[in-house]
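**Q** This one is query-v9.cif, mmCIF, C-alpha atoms and all ligand atoms; chains and numbers go by the auth columns.
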data_input
loop_
_atom_site.group_PDB
_atom_site.id
_atom_site.type_symbol
_atom_site.label_atom_id
_atom_site.label_comp_id
_atom_site.label_asym_id
_atom_site.label_seq_id
_atom_site.Cartn_x
_atom_site.Cartn_y
_atom_site.Cartn_z
_atom_site.B_iso_or_equiv
_atom_site.auth_seq_id
_atom_site.auth_asym_id
ATOM 1 C CA MET A 1 70.848 127.165 105.524 0.00 1003 W
ATOM 2 C CA LYS A 2 72.452 126.339 108.843 0.00 1004 W
ATOM 3 C CA ASP A 3 73.065 122.595 108.865 0.00 1005 W
ATOM 4 C CA LEU A 4 73.229 119.423 106.799 0.00 1006 W
ATOM 5 C CA ASN A 5 69.487 118.946 107.124 0.00 1007 W
ATOM 6 C CA ASP A 6 68.886 122.323 105.467 0.00 1008 W
ATOM 7 C CA LEU A 7 71.358 121.489 102.709 0.00 1009 W
ATOM 8 C CA PHE A 8 69.663 118.138 102.213 0.00 1010 W
ATOM 9 C CA VAL A 9 66.215 119.701 101.825 0.00 1011 W
ATOM 10 C CA HIS A 10 67.603 122.260 99.399 0.00 1012 W
ATOM 11 C CA LEU A 11 69.239 119.576 97.264 0.00 1013 W
ATOM 12 C CA LEU A 12 66.063 117.517 97.355 0.00 1014 W
ATOM 13 C CA LYS A 13 64.153 120.504 95.925 0.00 1015 W
ATOM 14 C CA ASP A 14 66.860 121.107 93.345 0.00 1016 W
ATOM 15 C CA VAL A 15 66.770 117.489 92.148 0.00 1017 W
ATOM 16 C CA TYR A 16 62.959 117.496 92.161 0.00 1018 W
ATOM 17 C CA TYR A 17 63.015 120.526 89.863 0.00 1019 W
ATOM 18 C CA ALA A 18 65.646 118.860 87.678 0.00 1020 W
ATOM 19 C CA GLU A 19 63.685 115.612 87.289 0.00 1021 W
ATOM 20 C CA LYS A 20 60.592 117.580 86.274 0.00 1022 W
ATOM 21 C CA GLN A 21 62.557 119.477 83.635 0.00 1023 W
ATOM 22 C CA ILE A 22 63.938 116.182 82.348 0.00 1024 W
ATOM 23 C CA LEU A 23 60.419 114.781 82.225 0.00 1025 W
ATOM 24 C CA LYS A 24 59.493 117.651 79.885 0.00 1026 W
ATOM 25 C CA ALA A 25 62.650 117.454 77.768 0.00 1027 W
ATOM 26 C CA LEU A 26 62.747 113.692 77.112 0.00 1028 W
ATOM 27 C CA PRO A 27 59.648 113.484 74.868 0.00 1029 W
ATOM 28 C CA LYS A 28 61.101 116.272 72.699 0.00 1030 W
ATOM 29 C CA MET A 29 64.422 114.459 72.527 0.00 1031 W
ATOM 30 C CA ALA A 30 62.666 111.186 71.677 0.00 1032 W
ATOM 31 C CA LYS A 31 60.775 112.941 68.896 0.00 1033 W
ATOM 32 C CA ALA A 32 63.955 114.496 67.501 0.00 1034 W
ATOM 33 C CA ALA A 33 66.057 111.315 67.711 0.00 1035 W
ATOM 34 C CA GLN A 34 66.467 109.527 64.377 0.00 1036 W
ATOM 35 C CA THR A 35 67.870 106.145 65.425 0.00 1037 W
ATOM 36 C CA PRO A 36 65.032 103.911 66.677 0.00 1038 W
ATOM 37 C CA GLU A 37 67.109 102.549 69.613 0.00 1039 W
ATOM 38 C CA LEU A 38 67.930 106.069 70.765 0.00 1040 W
ATOM 39 C CA LYS A 39 64.277 107.086 70.503 0.00 1041 W
ATOM 40 C CA LYS A 40 63.383 104.013 72.536 0.00 1042 W
ATOM 41 C CA ALA A 41 66.054 104.749 75.154 0.00 1043 W
ATOM 42 C CA PHE A 42 64.655 108.263 75.675 0.00 1044 W
ATOM 43 C CA GLU A 43 61.081 106.970 75.896 0.00 1045 W
ATOM 44 C CA THR A 44 62.029 104.269 78.403 0.00 1046 W
ATOM 45 C CA HIS A 45 63.946 106.742 80.517 0.00 1047 W
ATOM 46 C CA ARG A 46 60.987 109.121 80.483 0.00 1048 W
ATOM 47 C CA GLU A 47 58.876 106.388 82.069 0.00 1049 W
ATOM 48 C CA GLU A 48 61.590 105.706 84.634 0.00 1050 W
ATOM 49 C CA THR A 49 61.785 109.413 85.405 0.00 1051 W
ATOM 50 C CA GLU A 50 58.108 109.420 86.392 0.00 1052 W
ATOM 51 C CA GLY A 51 58.944 106.840 89.055 0.00 1053 W
ATOM 52 C CA GLN A 52 61.953 108.888 90.139 0.00 1054 W
ATOM 53 C CA VAL A 53 59.739 111.941 90.661 0.00 1055 W
ATOM 54 C CA GLU A 54 57.437 109.776 92.794 0.00 1056 W
ATOM 55 C CA ARG A 55 60.367 108.571 94.904 0.00 1057 W
ATOM 56 C CA LEU A 56 61.352 112.176 95.577 0.00 1058 W
ATOM 57 C CA GLN A 57 57.758 112.935 96.576 0.00 1059 W
ATOM 58 C CA GLN A 58 57.951 110.030 99.035 0.00 1060 W
ATOM 59 C CA VAL A 59 61.045 111.559 100.625 0.00 1061 W
ATOM 60 C CA PHE A 60 59.329 114.956 100.932 0.00 1062 W
ATOM 61 C CA GLU A 61 56.469 113.133 102.652 0.00 1063 W
ATOM 62 C CA MET A 62 58.854 111.392 105.069 0.00 1064 W
ATOM 63 C CA MET A 63 60.127 114.826 106.039 0.00 1065 W
ATOM 64 C CA ASN A 64 56.643 116.332 106.306 0.00 1066 W
ATOM 65 C CA LYS A 65 57.524 118.886 103.681 0.00 1067 W
ATOM 66 C CA PRO A 66 55.484 119.819 100.614 0.00 1068 W
ATOM 67 C CA ALA A 67 57.046 118.495 97.405 0.00 1069 W
ATOM 68 C CA ARG A 68 58.297 121.687 95.860 0.00 1070 W
ATOM 69 C CA GLY A 69 61.170 122.337 93.503 0.00 1071 W
ATOM 70 C CA VAL A 70 63.664 125.138 93.490 0.00 1072 W
ATOM 71 C CA LYS A 71 65.071 126.394 90.189 0.00 1073 W
ATOM 72 C CA CYS A 72 68.204 124.487 89.255 0.00 1074 W
ATOM 73 C CA ASP A 73 70.445 126.463 86.900 0.00 1075 W
ATOM 74 C CA ALA A 74 72.600 123.431 86.124 0.00 1076 W
ATOM 75 C CA ILE A 75 69.774 121.426 84.595 0.00 1077 W
ATOM 76 C CA GLU A 76 68.441 124.495 82.778 0.00 1078 W
ATOM 77 C CA GLY A 77 71.843 124.814 81.121 0.00 1079 W
ATOM 78 C CA LEU A 78 72.000 121.145 80.175 0.00 1080 W
ATOM 79 C CA VAL A 79 68.467 121.184 78.755 0.00 1081 W
ATOM 80 C CA ASP A 80 69.290 124.378 76.814 0.00 1082 W
ATOM 81 C CA GLU A 81 72.249 122.597 75.267 0.00 1083 W
ATOM 82 C CA ALA A 82 69.989 119.766 74.118 0.00 1084 W
ATOM 83 C CA LYS A 83 67.649 122.375 72.589 0.00 1085 W
ATOM 84 C CA GLU A 84 70.585 123.907 70.776 0.00 1086 W
ATOM 85 C CA VAL A 85 71.399 120.512 69.254 0.00 1087 W
ATOM 86 C CA MET A 86 67.791 120.112 68.122 0.00 1088 W
ATOM 87 C CA ASP A 87 67.814 123.576 66.512 0.00 1089 W
ATOM 88 C CA GLU A 88 71.199 123.367 64.878 0.00 1090 W
ATOM 89 C CA ALA A 89 71.878 119.777 63.814 0.00 1091 W
ATOM 90 C CA GLU A 90 71.907 119.701 60.024 0.00 1092 W
ATOM 91 C CA ALA A 91 72.030 115.938 59.532 0.00 1093 W
ATOM 92 C CA PRO A 92 70.166 113.118 61.300 0.00 1094 W
ATOM 93 C CA GLU A 93 73.426 111.457 62.392 0.00 1095 W
ATOM 94 C CA VAL A 94 74.665 114.723 63.882 0.00 1096 W
ATOM 95 C CA MET A 95 71.344 115.188 65.675 0.00 1097 W
ATOM 96 C CA ASP A 96 71.615 111.766 67.303 0.00 1098 W
ATOM 97 C CA ALA A 97 75.254 112.072 68.357 0.00 1099 W
ATOM 98 C CA GLY A 98 74.529 115.517 69.820 0.00 1100 W
ATOM 99 C CA LEU A 99 71.365 114.404 71.632 0.00 1101 W
ATOM 100 C CA LEU A 100 73.111 111.344 73.000 0.00 1102 W
ATOM 101 C CA ALA A 101 75.936 113.485 74.370 0.00 1103 W
ATOM 102 C CA SER A 102 73.428 115.876 75.974 0.00 1104 W
ATOM 103 C CA ALA A 103 71.544 112.989 77.560 0.00 1105 W
ATOM 104 C CA GLN A 104 74.755 111.582 79.020 0.00 1106 W
ATOM 105 C CA ALA A 105 75.621 114.980 80.507 0.00 1107 W
ATOM 106 C CA VAL A 106 72.199 114.953 82.184 0.00 1108 W
ATOM 107 C CA GLU A 107 72.693 111.397 83.487 0.00 1109 W
ATOM 108 C CA HIS A 108 76.075 112.256 84.952 0.00 1110 W
ATOM 109 C CA TYR A 109 74.656 115.343 86.615 0.00 1111 W
ATOM 110 C CA GLU A 110 71.928 113.216 88.178 0.00 1112 W
ATOM 111 C CA MET A 111 74.383 110.517 89.253 0.00 1113 W
ATOM 112 C CA ALA A 112 76.416 113.168 91.092 0.00 1114 W
ATOM 113 C CA ARG A 113 73.329 114.562 92.814 0.00 1115 W
ATOM 114 C CA TYR A 114 71.907 111.204 93.875 0.00 1116 W
ATOM 115 C CA GLY A 115 75.339 110.134 95.141 0.00 1117 W
ATOM 116 C CA THR A 116 75.338 113.170 97.422 0.00 1118 W
ATOM 117 C CA LEU A 117 71.733 112.604 98.505 0.00 1119 W
ATOM 118 C CA ILE A 118 72.602 109.017 99.467 0.00 1120 W
ATOM 119 C CA ALA A 119 75.612 110.142 101.505 0.00 1121 W
ATOM 120 C CA TRP A 120 73.664 112.892 103.267 0.00 1122 W
ATOM 121 C CA ALA A 121 70.668 110.630 103.941 0.00 1123 W
ATOM 122 C CA GLY A 122 73.142 108.253 105.618 0.00 1124 W
ATOM 123 C CA GLN A 123 74.523 111.051 107.805 0.00 1125 W
ATOM 124 C CA LEU A 124 71.017 112.172 108.707 0.00 1126 W
ATOM 125 C CA LYS A 125 69.962 108.616 109.618 0.00 1127 W
ATOM 126 C CA MET A 126 67.366 108.326 106.887 0.00 1128 W
ATOM 127 C CA PRO A 127 67.927 104.791 105.554 0.00 1129 W
ATOM 128 C CA GLU A 128 64.528 104.638 103.842 0.00 1130 W
ATOM 129 C CA ALA A 129 65.297 107.761 101.847 0.00 1131 W
ATOM 130 C CA ALA A 130 68.764 106.420 101.016 0.00 1132 W
ATOM 131 C CA LYS A 131 67.176 103.242 99.655 0.00 1133 W
ATOM 132 C CA LEU A 132 64.892 105.237 97.358 0.00 1134 W
ATOM 133 C CA PHE A 133 67.828 107.289 96.063 0.00 1135 W
ATOM 134 C CA GLU A 134 69.830 104.086 95.491 0.00 1136 W
ATOM 135 C CA ALA A 135 67.038 102.696 93.322 0.00 1137 W
ATOM 136 C CA THR A 136 67.052 105.854 91.223 0.00 1138 W
ATOM 137 C CA LEU A 137 70.849 105.966 91.027 0.00 1139 W
ATOM 138 C CA THR A 138 70.839 102.424 89.631 0.00 1140 W
ATOM 139 C CA GLU A 139 68.384 103.480 86.923 0.00 1141 W
ATOM 140 C CA GLU A 140 70.481 106.535 86.018 0.00 1142 W
ATOM 141 C CA LYS A 141 73.635 104.410 85.788 0.00 1143 W
ATOM 142 C CA ASN A 142 71.886 101.864 83.588 0.00 1144 W
ATOM 143 C CA ALA A 143 70.537 104.594 81.324 0.00 1145 W
ATOM 144 C CA ASP A 144 74.051 105.994 81.012 0.00 1146 W
ATOM 145 C CA LYS A 145 75.499 102.559 80.185 0.00 1147 W
ATOM 146 C CA LEU A 146 72.866 101.993 77.521 0.00 1148 W
ATOM 147 C CA LEU A 147 73.687 105.372 75.969 0.00 1149 W
ATOM 148 C CA SER A 148 77.407 104.545 75.979 0.00 1150 W
ATOM 149 C CA ALA A 149 76.677 101.260 74.222 0.00 1151 W
ATOM 150 C CA LEU A 150 74.501 102.996 71.622 0.00 1152 W
ATOM 151 C CA ALA A 151 77.177 105.621 71.048 0.00 1153 W
ATOM 152 C CA SER A 152 79.945 103.161 70.328 0.00 1154 W
ATOM 153 C CA ARG A 153 77.769 100.664 68.457 0.00 1155 W
ATOM 154 C CA SER A 154 76.029 102.983 66.037 0.00 1156 W
ATOM 155 C CA VAL A 155 75.313 106.611 66.755 0.00 1157 W
ATOM 156 C CA ASN A 156 78.819 108.066 66.827 0.00 1158 W
ATOM 157 C CA ARG A 157 80.001 105.845 63.998 0.00 1159 W
ATOM 158 C CA LYS A 158 77.249 107.079 61.696 0.00 1160 W
ATOM 159 C CA ALA A 159 77.926 110.684 62.635 0.00 1161 W
ATOM 160 C CA ALA A 160 81.633 110.314 61.868 0.00 1162 W
HETATM 161 FE FE FE B . 66.471 110.979 86.769 0.00 1201 W
#
Would you mind writing the file out in C-alpha cells?
**A**
Amino acid sequence: MKDLNDLFVHLLKDVYYAEKQILKALPKMAKAAQTPELKKAFETHREETEGQVERLQQVFEMMNKPARGVKCDAIEGLVDEAKEVMDEAEAPEVMDAGLLASAQAVEHYEMARYGTLIAWAGQLKMPEAAKLFEATLTEEKNADKLLSALASRSVNRKAA
C-alpha cells in the first residue's frame, strides 16, 4: 500500500468482509436471543445489513474494482465472542445481556470503520461514496441506540 487510495481500498475490503460475517452471525444471534425485542432488533439489523453490503458493492463499482473482501481479524474476534456467549450462557437473561453487549461491540467497530471511510472518501474526492457510507453510519448509530435503550429498559435489569 503506497497511498491513501490503497488504504481506502483495503479498508473497503475489510469492511465488506466484516458486513458479510455480521450477515451470517445475526440470524444465529436472533435465534439465541430470548427477549422478543432483542430478537426483533437483530432481525431488523440483519435486513439493514443486506442494504449495507449493497452500498459497499456500489462503491467497489464506482472504483471499477471487483467486490471482494479481505479477512478482518477484528470482526472474527467479535463474532467469536458472541459465539462464546451463546455456548456458555446458563440462563436466558444472561444470554441476552451477553448477546446485547457483543452486538454493541460490533456496532461500535462498524461506526469507527465507517467514520474513517467517510473521512478518506472526502480526502479522495468521492462524495458519492461518502454519502453511501453516511447512510450506513446512521443505521449503525440507530442500531446502537436501540440496543442501549433495550439494555437499560429490560435486558440488563433482568440479568442482574
Ligand atoms: Fe453494518
**Q** Using only C-alpha atoms and all ligand atoms, what are the residues with an atom within 7 Å of ligand FE 1201 (chain W), set out as a list of chain:residue names?
**A** W:Glu1021, W:Thr1051, W:Gln1054, W:Glu1112, W:Thr1138, W:Glu1142
**Q** Rank W:Leu1014, W:Ile1024, W:Leu1152, W:Ala1035 by their smallest atom-to-atom distance to W:Val1072, using all atoms listed in the file, and report the top residue only.
**A**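 Closest candidate: W:Leu1014.
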**Q** Would you mind telling me which residue in W:Ser1104, W:Gln1125, W:Asn1066, W:Thr1140 lies nearest to W:Ala1027 when using all atoms listed in the file?
**A**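 Closest to W:Ala1027 of all the choices is W:Ser1104.
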**Q** Could you list, with a cut-off of 12 Å and counting all atoms listed in the file, the residues of stretch 1101-1155 of chain W near stretch 1076-1096 of chain W, each shown with its nearest atom pair and the distance in Å rounded to one decimal, rows sorted by chain and ascending number, as a Markdown table?
**A**
| residue | atom | partner | partner_atom | distance |
| --- | --- | --- | --- | --- |
| W:Leu1101 | CA | W:Ala1084 | CA | 6.1 |
| W:Leu1102 | CA | W:Ala1084 | CA | 9.1 |
| W:Ala1103 | CA | W:Ala1084 | CA | 8.7 |
| W:Ser1104 | CA | W:Ala1084 | CA | 5.5 |
| W:Ala1105 | CA | W:Ala1084 | CA | 7.8 |
| W:Gln1106 | CA | W:Leu1080 | CA | 10.0 |
| W:Ala1107 | CA | W:Leu1080 | CA | 7.2 |
| W:Val1108 | CA | W:Leu1080 | CA | 6.5 |
| W:Glu1109 | CA | W:Leu1080 | CA | 10.3 |
| W:His1110 | CA | W:Leu1080 | CA | 10.9 |
| W:Tyr1111 | CA | W:Ile1077 | CA | 8.1 |
| W:Glu1112 | CA | W:Ile1077 | CA | 9.2 |
| W:Arg1115 | CA | W:Ala1076 | CA | 11.1 |
| W:Ala1153 | CA | W:Glu1095 | CA | 11.1 |
**Q** Distance cut-off 12 Å, centre (67.4, 103.8, 98.0) in file coordinates, counting all atoms listed in the file: which residues qualify? Return them as a ChimeraX atom specification.
**A** /W:1054,1057-1058,1060-1061,1116-1117,1119-1121,1123-1124,1128-1141
**Q** Smallest atom-to-atom distance to W:Lys1041: which of W:Ala1114, W:Val1055, W:Leu1149, W:Leu1013, using all atoms listed in the file?
**A**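 Looking only at the distances to W:Lys1041, the closest residue turns out to be W:Leu1149.
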**Q** Smallest atom-to-atom distance to W:Pro1029: which of W:Arg1048, W:Lys1073, W:Lys1015, W:Lys1042, using only C-alpha atoms?
**A**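 For W:Pro1029, the nearest of the candidates is W:Arg1048.
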**Q** Which distance in Å separates atom CA of W:Val1011 and atom CA of W:Trp1122, to one decimal?
**A**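 Computed distance, atom CA of W:Val1011 to atom CA of W:Trp1122, equals 10.2 Å.
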**Q** Just the number, please: distance in Å from atom CA of W:Leu1025 to atom CA of W:Thr1046, one decimal.
**A**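 Interatomic distance, atom CA of W:Leu1025 to atom CA of W:Thr1046: 11.3 Å.
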